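Participant: Dumping the structure here so I can ask a few things about it.
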Amino acid sequence: MLILLKDYSKAQKTAYGILDEYMYYKAYELFKTAQKPLLIIALSTSNHPPYPKVYESISKANLSGKINEKLPKNTYENLNNYAYANSEFGKFVSKIKASDLKDKIIIAATGDHRVRDMKIDPLREKAFAYSVPFYLYVPQIYQKIFIMINTALPLTRTFFLRFMS
């Protein structure tokens with residue numbers, strides 16, 4: 001974390017580290033300058049309480065009464081930081097796909113839990129109760145060699161792998 005704070009003077013320190021956007025800036029920089037294959041394992045904590053102050057990703061006015069019933073505790077902070085974390089990851093992926101790295105990198109990302117503090121009925125809302133998102137970006141040239149197996153992997157971190165061509 002100290003390296004990131006030194007490299008990015010505007011980086012906001014949080015209870016667990018720094019905001020996601022700076023983690024992704026550094027990951028992109030490392031990939032762009034890598035001289036050999038590189039694996040980065042990174043953990044985002046922006047959607048863990050205590051929630052850091054981030055830019056407004058969602059508007060309080062757009063939150064319906066139903067969502068307030070499902071997330072009675074820290075509703076806005078919880079959802080805004082969840083949206084922030086997703087937005088910053090999306091910006092990182094878009095930046096990779098728009099660069100010369102797009103054919104040299106595999107990105108796999110998952111979470112270690114669902115949206116926190118959400119009240120759910122585990123019998124009627126199994127997707128909310130037991131699932132976490134998983135994202136995989138594989139360049140076109142590598143897709144032929146991958147056999148996708150429909151299985152639940154016990155992944156708890158976000159990780160990126162860059163192949164050198």
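Residues in the structure tokens are numbered from 1 in each chain, the chains being A, B, ... in the order shown, and ligands are numbered from 1 in the order shown.
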For stretch 114-128 of chain A, find every residue with an atom within 10 Å (counting only C-alpha atoms), except residues of its own chain fewer than 4 positions away, and show them as a list of chain:residue names.

Facilitator: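 Result of the neighbour search: A:Asn47, A:His48, A:Pro49, A:Ile67, A:Asn68, A:Glu69, A:Lys70, A:Leu71, A:Pro72, A:Lys73, A:Asn74, A:Thr75, A:Asn78, A:Leu79, A:Tyr82, A:Val132, A:Pro133.
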
Participant: Taking the DSSP secondary structure from the backbone, can you list the residues of stretch 38-133 of chain A that are alpha helix (DSSP H), as an NGL selection string?

Facilitator: :A and (65-70 or 75-97 or 126-130)

Participant: Kindly give the distance, in Å, that separates atom CA of A:Lys91 and atom CA of A:Thr14, rounded to a single decimal.

Facilitator: 20.6 Å

Participant: Separation of atom CA of A:Lys6 and atom CA of A:Leu19, in Å?

Facilitator: 13.9 Å

Participant: I'd like to know which residues of stretch 52-160 of chain A are strand (DSSP E) (by DSSP, run on the backbone); could you write them as a list in words?

Facilitator: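 Restricting stretch 52-160 of chain A to strand (DSSP E) produces Ile105, Ile106, Ile107, Ala108, Ala109, Thr110, Phe134, Tyr135, Leu136, Tyr137, Thr158, Phe159 and Phe160 of chain A.
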
Participant: Using atom CA of A:Glu29 and atom CA of A:Phe92 as the two end points, give the distance in Å to one decimal.

Facilitator: 11.1 Å

Participant: Could you tell me which of A:Lys104, A:Glu56, A:Ala11, A:Gly17 comes closest to A:Ala34 if we count only C-alpha atoms?

Facilitator: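 Of A:Lys104, A:Glu56, A:Ala11, A:Gly17, the one nearest A:Ala34 is A:Lys104, counting only C-alpha atoms.
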